[in-house]
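K.L.:
Provided herewith: protein-v6.csv, CSV, C-alpha atoms.
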chain,number,residue,atom,x,y,z
A,1,MET,CA,-3.9,-21.4,-14.9
A,2,THR,CA,-1.3,-19.3,-13.2
A,3,SER,CA,-2.1,-17.0,-10.3
A,4,ARG,CA,-1.5,-13.9,-12.4
A,5,GLN,CA,-4.3,-15.1,-14.7
A,6,SER,CA,-6.7,-16.3,-12.1
A,7,GLY,CA,-7.4,-12.9,-10.7
A,8,SER,CA,-9.3,-11.8,-13.8
A,9,ALA,CA,-10.3,-14.9,-15.7
A,10,GLU,CA,-11.5,-17.0,-12.7
A,11,HIS,CA,-14.2,-14.5,-11.7
A,12,GLY,CA,-15.6,-14.0,-15.2
A,13,GLY,CA,-17.5,-11.0,-16.5
A,14,GLY,CA,-14.5,-9.6,-18.2
A,15,VAL,CA,-14.2,-6.8,-15.6
A,16,ARG,CA,-10.6,-6.2,-14.5
A,17,ILE,CA,-10.2,-4.6,-11.0
A,18,ASP,CA,-7.0,-3.6,-9.4
A,19,LEU,CA,-7.4,-2.3,-5.8
A,20,HIS,CA,-3.9,-1.3,-4.8
A,21,ALA,CA,-1.8,1.3,-6.6
A,22,HIS,CA,0.4,4.2,-5.7
A,23,SER,CA,1.2,7.5,-7.2
A,24,THR,CA,3.7,10.3,-6.6
A,25,ALA,CA,1.4,11.4,-3.7
A,26,SER,CA,3.3,8.8,-1.8
A,27,ASP,CA,6.1,6.6,-3.1
A,28,GLY,CA,5.0,5.8,-6.7
A,29,THR,CA,6.7,7.2,-9.7
A,30,TYR,CA,3.5,7.9,-11.8
A,31,SER,CA,1.6,11.1,-11.1
A,32,PRO,CA,-2.1,10.6,-10.2
A,33,GLU,CA,-2.9,11.6,-13.8
A,34,GLN,CA,-0.5,9.2,-15.3
A,35,LEU,CA,-1.7,6.4,-13.0
A,36,VAL,CA,-5.4,6.6,-14.0
A,37,ARG,CA,-4.5,6.9,-17.7
A,38,SER,CA,-2.1,4.0,-17.5
A,39,ALA,CA,-4.7,1.9,-15.7
A,40,ARG,CA,-7.2,2.4,-18.6
A,41,GLU,CA,-4.5,1.7,-21.2
A,42,ALA,CA,-3.6,-1.5,-19.3
A,43,GLY,CA,-7.2,-2.7,-19.8
A,44,LEU,CA,-8.4,-2.1,-16.3
A,45,ASP,CA,-12.1,-1.2,-15.6
A,46,VAL,CA,-11.6,-0.3,-11.9
A,47,LEU,CA,-8.6,1.1,-10.1
A,48,ALA,CA,-8.1,2.0,-6.5
A,49,ILE,CA,-5.5,4.8,-5.7
A,50,THR,CA,-4.1,3.8,-2.3
A,51,ASP,CA,-1.2,6.0,-1.5
A,52,HIS,CA,0.6,5.6,1.8
A,53,ASP,CA,-1.2,7.5,4.6
A,54,THR,CA,-2.5,10.2,2.3
A,55,THR,CA,-5.5,11.2,0.2
A,56,GLY,CA,-3.3,13.8,-1.5
A,57,GLY,CA,-3.7,12.2,-5.0
A,58,TRP,CA,-7.5,11.8,-4.9
A,59,GLU,CA,-8.5,15.1,-6.5
A,60,ARG,CA,-6.0,14.9,-9.4
A,61,ALA,CA,-6.8,11.3,-10.1
A,62,ALA,CA,-10.5,12.1,-10.2
A,63,ALA,CA,-10.0,15.1,-12.5
A,64,ALA,CA,-7.9,13.0,-14.9
A,65,ARG,CA,-10.0,9.8,-14.8
A,66,PRO,CA,-10.5,8.6,-18.4
A,67,PRO,CA,-13.8,7.4,-19.7
A,68,GLY,CA,-14.4,3.7,-18.9
A,69,LEU,CA,-12.4,3.6,-15.7
A,70,THR,CA,-14.1,3.5,-12.3
A,71,LEU,CA,-11.9,5.1,-9.6
A,72,VAL,CA,-12.0,3.8,-6.0
A,73,ARG,CA,-10.4,6.3,-3.6
A,74,GLY,CA,-8.5,4.8,-0.7
A,75,ALA,CA,-5.2,4.8,1.2
A,76,GLU,CA,-2.7,2.3,2.6
A,77,LEU,CA,-2.3,2.9,6.3
A,78,SER,CA,0.9,2.2,8.1
A,79,CYS,CA,-0.1,0.1,11.1
A,80,ARG,CA,1.5,-2.0,13.8
A,81,TRP,CA,0.5,-4.9,16.0
A,82,TYR,CA,1.8,-4.4,19.6
A,83,GLY,CA,0.7,-7.8,20.8
A,84,THR,CA,4.2,-9.2,20.5
A,85,GLU,CA,7.8,-8.0,21.2
A,86,PRO,CA,9.1,-6.6,19.1
A,87,SER,CA,5.9,-5.3,17.5
A,88,ILE,CA,5.1,-6.2,13.9
A,89,PRO,CA,4.4,-3.6,11.2
A,90,LEU,CA,1.6,-4.3,8.7
A,91,HIS,CA,-0.5,-2.4,6.2
A,92,LEU,CA,-4.2,-1.8,6.0
A,93,LEU,CA,-6.0,-0.7,2.9
A,94,GLY,CA,-8.8,1.6,3.6
A,95,TYR,CA,-11.4,2.1,0.8
A,96,LEU,CA,-14.0,4.8,0.2
A,97,PHE,CA,-13.7,6.5,3.6
A,98,ASP,CA,-14.5,10.1,4.3
A,99,PRO,CA,-11.2,12.0,4.1
A,100,ALA,CA,-12.6,14.7,6.4
A,101,ALA,CA,-13.4,12.3,9.3
A,102,PRO,CA,-11.5,14.1,12.1
A,103,GLU,CA,-9.8,11.2,14.0
A,104,LEU,CA,-8.7,9.4,10.9
A,105,ALA,CA,-7.5,12.6,9.2
A,106,ALA,CA,-5.5,13.5,12.3
A,107,GLU,CA,-3.8,10.1,12.5
A,108,LEU,CA,-2.8,10.2,8.8
A,109,THR,CA,-1.4,13.7,9.3
A,110,ARG,CA,0.6,12.5,12.3
A,111,VAL,CA,2.0,9.4,10.4
A,112,ARG,CA,3.0,11.5,7.4
A,113,ALA,CA,4.9,14.0,9.6
A,114,ALA,CA,6.7,11.1,11.3
A,115,ARG,CA,7.6,9.7,7.9
A,116,GLU,CA,9.3,13.0,7.0
A,117,VAL,CA,11.3,13.0,10.2
A,118,ARG,CA,12.3,9.4,9.7
A,119,GLY,CA,13.4,10.1,6.1
A,120,GLU,CA,15.6,13.0,7.2
A,121,ARG,CA,17.2,10.9,10.0
A,122,ILE,CA,18.0,8.1,7.5
A,123,VAL,CA,19.7,10.7,5.2
A,124,GLU,CA,21.6,12.0,8.2
A,125,LEU,CA,22.9,8.5,9.0
A,126,LEU,CA,23.9,8.0,5.4
A,127,ARG,CA,25.7,11.3,5.2
A,128,ALA,CA,27.5,10.5,8.5
A,129,ASP,CA,28.9,7.5,6.8
A,130,GLY,CA,30.1,9.5,3.8
A,131,VAL,CA,27.2,8.7,1.5
A,132,ASP,CA,26.6,11.7,-0.8
A,133,VAL,CA,22.8,12.1,-0.7
A,134,ASP,CA,21.0,15.3,-0.2
A,135,TRP,CA,17.7,15.7,1.8
A,136,ALA,CA,16.6,18.8,-0.1
A,137,GLU,CA,17.1,17.0,-3.4
A,138,ILE,CA,15.2,13.9,-2.2
A,139,ARG,CA,12.3,16.0,-1.0
A,140,ALA,CA,12.2,17.8,-4.4
A,141,ALA,CA,12.2,14.5,-6.2
A,142,ALA,CA,9.2,13.4,-4.1
A,143,ALA,CA,7.2,16.0,-6.0
A,144,GLY,CA,5.1,16.9,-3.0
A,145,GLY,CA,4.5,13.4,-1.8
A,146,THR,CA,5.6,12.2,1.6
A,147,VAL,CA,9.2,11.0,1.5
A,148,GLY,CA,9.6,7.3,2.0
A,149,ARG,CA,12.4,4.8,1.7
A,150,PRO,CA,11.8,4.4,-2.1
A,151,HIS,CA,12.7,8.0,-2.6
A,152,ILE,CA,15.9,7.6,-0.7
A,153,ALA,CA,16.6,4.4,-2.8
A,154,GLN,CA,16.3,6.5,-5.9
A,155,ALA,CA,18.9,8.9,-4.5
A,156,LEU,CA,21.2,6.0,-4.0
A,157,ILE,CA,20.7,4.9,-7.6
A,158,ARG,CA,21.4,8.5,-8.8
A,159,ALA,CA,24.6,8.5,-6.8
A,160,GLY,CA,25.6,5.2,-8.5
A,161,LEU,CA,25.8,3.3,-5.2
A,162,VAL,CA,23.1,0.7,-6.1
A,163,ALA,CA,21.7,-0.3,-9.4
A,164,THR,CA,18.0,-1.0,-8.5
A,165,THR,CA,15.5,-0.2,-5.8
A,166,ALA,CA,15.6,-3.9,-4.8
A,167,GLU,CA,19.4,-3.6,-4.1
A,168,ALA,CA,18.8,-0.4,-2.1
A,169,PHE,CA,16.5,-2.4,0.2
A,170,THR,CA,19.1,-5.1,1.0
A,171,PRO,CA,20.5,-5.3,4.5
A,172,ARG,CA,23.6,-3.3,3.6
A,173,TRP,CA,21.5,-0.3,2.8
A,174,LEU,CA,17.8,0.6,3.6
A,175,GLY,CA,16.8,-3.0,4.5
A,176,GLU,CA,18.7,-3.0,7.8
A,177,ARG,CA,21.8,-0.8,8.3
A,178,TYR,CA,20.0,2.4,7.5
A,179,ARG,CA,16.5,1.3,8.4
A,180,LEU,CA,14.7,3.2,11.2
A,181,PRO,CA,11.3,2.4,12.7
A,182,LYS,CA,8.1,4.2,11.6
A,183,ASP,CA,5.6,5.8,13.9
A,184,ASP,CA,2.6,3.7,12.9
A,185,ILE,CA,-1.1,3.4,13.9
A,186,ASP,CA,-2.2,0.6,16.2
A,187,VAL,CA,-3.9,-1.8,13.8
A,188,PHE,CA,-7.1,-2.2,15.9
A,189,ARG,CA,-7.4,1.6,16.1
A,190,ALA,CA,-6.9,1.8,12.3
A,191,VAL,CA,-9.7,-0.6,11.6
A,192,ARG,CA,-12.0,1.3,13.9
A,193,LEU,CA,-11.1,4.7,12.4
A,194,VAL,CA,-11.6,3.5,8.8
A,195,ARG,CA,-15.0,2.0,9.8
A,196,GLN,CA,-16.0,5.2,11.6
A,197,ALA,CA,-15.1,7.2,8.5
A,198,GLY,CA,-17.5,5.0,6.4
A,199,GLY,CA,-14.6,3.1,4.8
A,200,VAL,CA,-13.9,-0.6,4.3
A,201,PRO,CA,-10.6,-2.0,5.8
A,202,VAL,CA,-8.7,-4.8,4.0
A,203,MET,CA,-5.4,-6.1,5.2
A,204,ALA,CA,-2.7,-5.8,2.6
A,205,HIS,CA,-0.4,-8.8,1.8
A,206,PRO,CA,-1.0,-10.5,5.2
A,207,ARG,CA,1.2,-13.6,4.6
A,208,ALA,CA,4.1,-11.9,2.7
A,209,SER,CA,6.9,-13.8,4.5
A,210,ARG,CA,9.5,-12.6,2.0
A,211,ARG,CA,9.0,-9.1,3.4
A,212,GLY,CA,9.8,-10.2,7.0
A,213,ARG,CA,7.8,-11.3,10.0
A,214,ILE,CA,4.1,-11.9,9.5
A,215,VAL,CA,1.2,-11.7,12.0
A,216,PRO,CA,-0.4,-14.9,13.3
A,217,ASP,CA,-3.8,-16.0,12.1
A,218,SER,CA,-5.1,-15.5,15.6
A,219,LEU,CA,-4.6,-11.7,15.1
A,220,ILE,CA,-6.6,-11.8,11.9
A,221,VAL,CA,-9.4,-13.6,13.7
A,222,GLU,CA,-9.5,-10.8,16.3
A,223,LEU,CA,-9.3,-8.1,13.6
A,224,ALA,CA,-12.2,-9.7,11.8
A,225,ALA,CA,-14.3,-9.5,15.0
A,226,ALA,CA,-13.2,-5.8,15.3
A,227,GLY,CA,-14.4,-4.9,11.8
A,228,LEU,CA,-11.8,-6.0,9.3
A,229,ALA,CA,-13.6,-6.7,6.0
A,230,GLY,CA,-11.1,-8.6,3.9
A,231,LEU,CA,-7.7,-9.9,3.1
A,232,GLU,CA,-5.5,-9.3,0.0
A,233,ALA,CA,-4.5,-12.7,-1.3
A,234,ASP,CA,-3.2,-12.4,-4.8
A,235,HIS,CA,-0.1,-10.2,-4.5
A,236,GLU,CA,3.4,-10.5,-5.9
A,237,ASP,CA,4.9,-11.0,-2.5
A,238,HIS,CA,2.8,-14.0,-1.7
A,239,PHE,CA,4.1,-17.4,-2.6
A,240,PRO,CA,1.3,-19.7,-4.1
A,241,ALA,CA,0.9,-21.5,-0.8
A,242,GLU,CA,0.5,-18.2,1.0
A,243,ARG,CA,-2.2,-17.1,-1.3
A,244,GLU,CA,-4.1,-20.3,-0.7
A,245,HIS,CA,-3.7,-19.9,3.0
A,246,VAL,CA,-5.1,-16.4,2.9
A,247,ARG,CA,-8.1,-17.6,0.8
A,248,ALA,CA,-8.8,-20.4,3.2
A,249,LEU,CA,-8.6,-18.2,6.3
A,250,ALA,CA,-10.8,-15.6,4.6
A,251,GLY,CA,-13.4,-18.3,3.9
A,252,GLU,CA,-13.4,-19.5,7.5
A,253,LEU,CA,-13.9,-15.9,8.7
A,254,GLY,CA,-16.4,-14.7,6.1
A,255,LEU,CA,-14.0,-12.1,4.8
A,256,LEU,CA,-13.8,-10.9,1.2
A,257,VAL,CA,-10.7,-11.6,-0.8
A,258,THR,CA,-8.9,-9.2,-3.1
A,259,GLY,CA,-6.0,-9.3,-5.5
A,260,SER,CA,-3.9,-6.3,-6.5
A,261,SER,CA,-0.7,-5.2,-8.2
A,262,ASP,CA,0.5,-2.9,-5.5
A,263,PHE,CA,1.8,-0.9,-8.4
A,264,HIS,CA,4.6,1.7,-7.7
A,265,GLY,CA,5.7,2.5,-11.2
A,266,ALA,CA,9.5,2.3,-11.7
A,267,HIS,CA,10.1,1.4,-8.1
A,268,LYS,CA,8.8,-2.1,-8.7
A,269,THR,CA,8.7,-4.4,-11.7
A,270,VAL,CA,5.0,-5.5,-11.2
A,271,ARG,CA,2.6,-4.1,-13.8
A,272,LEU,CA,-0.9,-2.6,-13.3
A,273,GLY,CA,-3.4,-5.4,-13.4
A,274,ALA,CA,-0.9,-8.1,-12.7
A,275,TYR,CA,-3.2,-9.3,-10.0
A,276,THR,CA,-6.9,-8.5,-9.8
A,277,THR,CA,-10.0,-8.7,-7.6
A,278,GLY,CA,-13.2,-10.5,-8.4
A,279,VAL,CA,-16.4,-8.6,-9.1
A,280,GLU,CA,-18.2,-10.0,-6.1
A,281,ALA,CA,-15.6,-8.9,-3.7
A,282,TYR,CA,-15.5,-5.4,-5.3
A,283,ARG,CA,-19.3,-5.2,-5.0
A,284,ARG,CA,-19.1,-6.1,-1.3
A,285,ILE,CA,-16.6,-3.3,-0.7
A,286,VAL,CA,-18.8,-0.7,-2.4
A,287,ALA,CA,-21.9,-2.0,-0.6
A,288,ALA,CA,-20.2,-1.8,2.8
A,289,SER,CA,-19.0,1.8,2.3
A,290,SER,CA,-20.6,5.1,3.3
A,291,GLY,CA,-17.8,7.6,3.2
A,292,VAL,CA,-17.3,8.5,-0.4
A,293,GLY,CA,-18.7,6.8,-3.6
A,294,VAL,CA,-16.8,5.3,-6.5
A,295,LEU,CA,-16.2,7.7,-9.4
A,296,THR,CA,-17.6,6.2,-12.7
A,297,ASP,CA,-19.2,7.1,-15.9
A,298,PRO,CA,-22.9,8.0,-15.8
A,299,ALA,CA,-25.1,5.0,-16.4
Represent the supplied structure as structure tokens.

P.N.:
Amino acid sequence: MTSRQSGSAEHGGGVRIDLHAHSTASDGTYSPEQLVRSAREAGLDVLAITDHDTTGGWERAAAARPPGLTLVRGAELSCRWYGTEPSIPLHLLGYLFDPAAPELAAELTRVRAAREVRGERIVELLRADGVDVDWAEIRAAAAGGTVGRPHIAQALIRAGLVATTAEAFTPRWLGERYRLPKDDIDVFRAVRLVRQAGGVPVMAHPRASRRGRIVPDSLIVELAAAGLAGLEADHEDHFPAEREHVRALAGELGLLVTGSSDFHGAHKTVRLGAYTTGVEAYRRIVAASSGVGVLTDPA
């Protein structure tokens, strides 16, 4: 059985759960409405909308939720571990938190504003080197979502300078030469704020070495003691050995394990439901939350 199959078949029950997907509220290419409709068409029973540092797609996704699809509202927080030099960026999935919780809402607002500044600075660097991209056009293409590097990648594709998003993220372009640091949230503070807001924090793709540096297991041990609830194991950026390592570590620490597509629409080739979460892990997330409830059909 392949890893892509194991996420749904291994856990039985026929329930297909994808807990990591993005819309145009951040850097996905599907609107919140398209995202929930496509999830149901893909045979999913549960979908989490987890845009980067924003809950901006929640209301639209909820209004468009098709019958038979349960919607989990969440966000993917841009975090950083400052316990090493240079510091290491990482992502934290926060599920079912209260979007009005003041400290968390303020942090997300700050990070989104910093993303906008960073995006404009990257465009300025590109233009200084004679690359014909336009900030106003990129912001318009983002359709109200916070501008991220994938939006700039799309501008490079439109300009005929690269063929794919993957090429735009190579060292010659946004992967290194035109990459600038983000203003992230300290990961311990992020875990605390998600918990305070009644949410459930799960670390996204913690062993994705193909993305760059990864944090040590010792940090995950500390985060588990601080309130981290789970680890995302089944993910396209994890090699098989990395998935197994995450599962073993989660087992040692008593953390739940998720699997998710990390769907971004046309920005990535992975499909909705390519990796899924077991029913028991999903139930643990719902039981541990007190911020907002899942949105589902009446029993």

K.L.:
Contacts of A:Pro150 at 8 Å or less, counting all atoms listed in the file, minus same-chain residues fewer than 3 places along, as an MDAnalysis selection string?

P.N.:
chainID A and resid 27 147 153:154 165 267

K.L.:
List as a list in words: which residues have an atom within 12 Å of (13.3, -0.7, 11.4), counting only C-alpha atoms?

P.N.:
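Using only C-alpha atoms, the matching residues come out as Pro86, Ser87, Ile88, Pro89, Arg118, Ile122, Arg149, Phe169, Pro171, Trp173, Leu174, Gly175, Glu176, Arg177, Tyr178, Arg179, Leu180, Pro181, Lys182, Asp183, Asp184 and Gly212 of chain A.
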
K.L.:
For stretch 139-232 of chain A versus stretch 293-297 of chain A, which residues have an atom no more than 12 Å away, and what is each residue's nearest atom pair and distance in Å rounded to one decimal, using only C-alpha atoms, chain-then-number order, as a Markdown table?

P.N.:
| residue | atom | partner | partner_atom | distance |
| --- | --- | --- | --- | --- |
| A:Gly198 | CA | A:Gly293 | CA | 10.2 |
| A:Gly199 | CA | A:Gly293 | CA | 10.1 |
| A:Val200 | CA | A:Gly293 | CA | 11.8 |

K.L.:
Would you save the residues of that selection, restricted to C-alpha atoms, as a compact mmCIF listing (two decimals), keeping the file's coordinate frame?

P.N.:
# COMPACT_ATOMS: atom_id res chain seq x y z
CA GLY A 198 -17.50 5.00 6.40
CA GLY A 199 -14.60 3.10 4.80
CA VAL A 200 -13.90 -0.60 4.30

K.L.:
Identify, on the basis of only C-alpha atoms, every residue whose closest approach to stretch 215-221 of chain A does not exceed 12 Å; exclude the query and any residue fewer than 6 positions from it along the same chain; express the result as a PyMOL selection string.

P.N.:
chain A and resi 79-92+187-188+191+202-209+227-231+245-246+248-255

K.L.:
Just give me the gap between atom CA of A:Arg16 and atom CA of A:Thr146 in Å, one decimal is fine.

P.N.:
29.3 Å

K.L.:
Which of these, A:Thr170, A:Ser289, A:Thr54, A:Thr24, has the shortest distance to A:Ala140 once you count all atoms listed in the file?

P.N.:
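When distances to A:Ala140 are compared using all atoms listed in the file, the smallest one comes from A:Thr24.
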
K.L.:
So which one's closest to A:Asp53, A:Gln34, A:Thr258, A:Ser26, A:Thr70? Using all atoms listed in the file, please.

P.N.:
A:Ser26

K.L.:
Pick out the closest residue to A:Gly145 from this set: A:Val194, A:Ala233, A:Ala113, A:Ala39. Count all atoms listed in the file.

P.N.:
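Nearest to A:Gly145: A:Ala113.
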
K.L.:
Using all atoms listed in the file, pick whichever of A:Arg65, A:Lys268, A:His52, A:Arg115 has the shortest atom-to-atom distance to A:Val36.

P.N.:
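That would be A:Arg65, the residue with the smallest distance to A:Val36.
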
K.L.:
Please, what distance in Å, to one decimal, runs between atom CA of A:Asp98 and atom CA of A:Pro201?

P.N.:
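Distance reported for this atom pair: 12.8 Å.
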
K.L.:
When you draw a straight line from atom CA of A:Arg60 to atom CA of A:Arg158, how long is it in Å?

P.N.:
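We find that atom CA of A:Arg60 and atom CA of A:Arg158 lie 28.1 Å from each other.
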
K.L.:
At a cut-off of 8 Å, can you tabulate as JSON lines every residue of stretch 23-121 of chain A near stretch 270-273 of chain A together with its closest atom pair and the distance in Å to one decimal, using all atoms listed in the file and ordering rows by chain then number?

P.N.:
{"residue": "A:Ser38", "atom": "CA", "partner": "A:Leu272", "partner_atom": "CA", "distance": 7.9}
{"residue": "A:Ala39", "atom": "CA", "partner": "A:Leu272", "partner_atom": "CA", "distance": 6.4}
{"residue": "A:Ala42", "atom": "CA", "partner": "A:Leu272", "partner_atom": "CA", "distance": 6.7}
{"residue": "A:Gly43", "atom": "CA", "partner": "A:Gly273", "partner_atom": "CA", "distance": 7.9}
{"residue": "A:Leu44", "atom": "CA", "partner": "A:Gly273", "partner_atom": "CA", "distance": 6.7}

K.L.:
For those residues, write C-alpha atoms to a file as a short mmCIF file (atom, residue, chain, number, x, y, z; two decimals), keeping the file's coordinate frame.

P.N.:
data_model
loop_
_atom_site.label_atom_id
_atom_site.label_comp_id
_atom_site.auth_asym_id
_atom_site.auth_seq_id
_atom_site.Cartn_x
_atom_site.Cartn_y
_atom_site.Cartn_z
CA SER A 38 -2.10 4.00 -17.50
CA ALA A 39 -4.70 1.90 -15.70
CA ALA A 42 -3.60 -1.50 -19.30
CA GLY A 43 -7.20 -2.70 -19.80
CA LEU A 44 -8.40 -2.10 -16.30
#

K.L.:
Quick one: residues within 12 Å of (-10.1, 15.3, -15.5) (file frame), counting only C-alpha atoms, please, as a PDB file with C-alpha atoms, keeping the file's coordinate frame.

P.N.:
ATOM      1  CA  PRO A  32      -2.100  10.600 -10.200  1.00  0.00           C
ATOM      2  CA  GLU A  33      -2.900  11.600 -13.800  1.00  0.00           C
ATOM      3  CA  GLN A  34      -0.500   9.200 -15.300  1.00  0.00           C
ATOM      4  CA  VAL A  36      -5.400   6.600 -14.000  1.00  0.00           C
ATOM      5  CA  ARG A  37      -4.500   6.900 -17.700  1.00  0.00           C
ATOM      6  CA  TRP A  58      -7.500  11.800  -4.900  1.00  0.00           C
ATOM      7  CA  GLU A  59      -8.500  15.100  -6.500  1.00  0.00           C
ATOM      8  CA  ARG A  60      -6.000  14.900  -9.400  1.00  0.00           C
ATOM      9  CA  ALA A  61      -6.800  11.300 -10.100  1.00  0.00           C
ATOM     10  CA  ALA A  62     -10.500  12.100 -10.200  1.00  0.00           C
ATOM     11  CA  ALA A  63     -10.000  15.100 -12.500  1.00  0.00           C
ATOM     12  CA  ALA A  64      -7.900  13.000 -14.900  1.00  0.00           C
ATOM     13  CA  ARG A  65     -10.000   9.800 -14.800  1.00  0.00           C
ATOM     14  CA  PRO A  66     -10.500   8.600 -18.400  1.00  0.00           C
ATOM     15  CA  PRO A  67     -13.800   7.400 -19.700  1.00  0.00           C
ATOM     16  CA  LEU A  69     -12.400   3.600 -15.700  1.00  0.00           C
ATOM     17  CA  LEU A  71     -11.900   5.100  -9.600  1.00  0.00           C
ATOM     18  CA  LEU A 295     -16.200   7.700  -9.400  1.00  0.00           C
TER      19      LEU A 295
END

K.L.:
Check the smallest atom-to-atom distance from each of A:Gly57, A:Ile285, A:Ala190, A:Ser260 to A:Ala143 using only C-alpha atoms, then report the winner.

P.N.:
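Nearest candidate to A:Ala143 out of A:Gly57, A:Ile285, A:Ala190, A:Ser260: A:Gly57.
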
K.L.:
Write a file for stretch 20-26 of chain A, containing all heavy atoms (output as a CSV table (one decimal), in the first residue's frame).

P.N.:
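Dumped to result.csv:
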chain,number,residue,atom,x,y,z
A,20,HIS,N,-5.7,20.4,5.5
A,20,HIS,CA,-4.7,21.4,5.1
A,20,HIS,C,-4.9,21.8,3.7
A,20,HIS,O,-4.5,21.1,2.7
A,20,HIS,CB,-3.3,20.9,5.3
A,20,HIS,CG,-2.2,21.9,5.2
A,20,HIS,ND1,-0.9,21.6,5.5
A,20,HIS,CD2,-2.2,23.2,4.8
A,20,HIS,CE1,-0.1,22.6,5.3
A,20,HIS,NE2,-0.9,23.6,4.9
A,21,ALA,N,-5.6,23.0,3.5
A,21,ALA,CA,-5.9,23.4,2.1
A,21,ALA,C,-6.0,24.9,2.1
A,21,ALA,O,-6.4,25.6,3.1
A,21,ALA,CB,-7.2,22.8,1.6
A,22,HIS,N,-5.6,25.5,1.0
A,22,HIS,CA,-5.5,27.0,0.9
A,22,HIS,C,-6.4,27.5,-0.2
A,22,HIS,O,-6.7,26.8,-1.3
A,22,HIS,CB,-4.1,27.4,0.5
A,22,HIS,CG,-3.1,27.0,1.6
A,22,HIS,ND1,-2.8,27.9,2.6
A,22,HIS,CD2,-2.4,25.9,1.8
A,22,HIS,CE1,-1.9,27.3,3.4
A,22,HIS,NE2,-1.7,26.0,3.0
A,23,SER,N,-6.9,28.7,0.0
A,23,SER,CA,-7.8,29.4,-1.0
A,23,SER,C,-7.2,30.7,-1.4
A,23,SER,O,-6.0,31.0,-1.0
A,23,SER,CB,-9.2,29.6,-0.4
A,23,SER,OG,-9.1,30.7,0.5
A,24,THR,N,-7.9,31.5,-2.2
A,24,THR,CA,-7.4,32.8,-2.6
A,24,THR,C,-7.4,33.8,-1.5
A,24,THR,O,-6.8,34.9,-1.6
A,24,THR,CB,-8.3,33.4,-3.7
A,24,THR,OG1,-9.7,33.3,-3.3
A,24,THR,CG2,-8.1,32.6,-5.0
A,25,ALA,N,-7.8,33.4,-0.3
A,25,ALA,CA,-7.7,34.2,0.9
A,25,ALA,C,-6.2,34.4,1.3
A,25,ALA,O,-5.8,35.3,2.0
A,25,ALA,CB,-8.5,33.7,2.1
A,26,SER,N,-5.4,33.4,0.8
A,26,SER,CA,-3.9,33.5,1.0
A,26,SER,C,-3.3,33.3,-0.4
A,26,SER,O,-3.5,34.1,-1.3
A,26,SER,CB,-3.4,32.7,2.1
A,26,SER,OG,-3.5,31.3,1.9
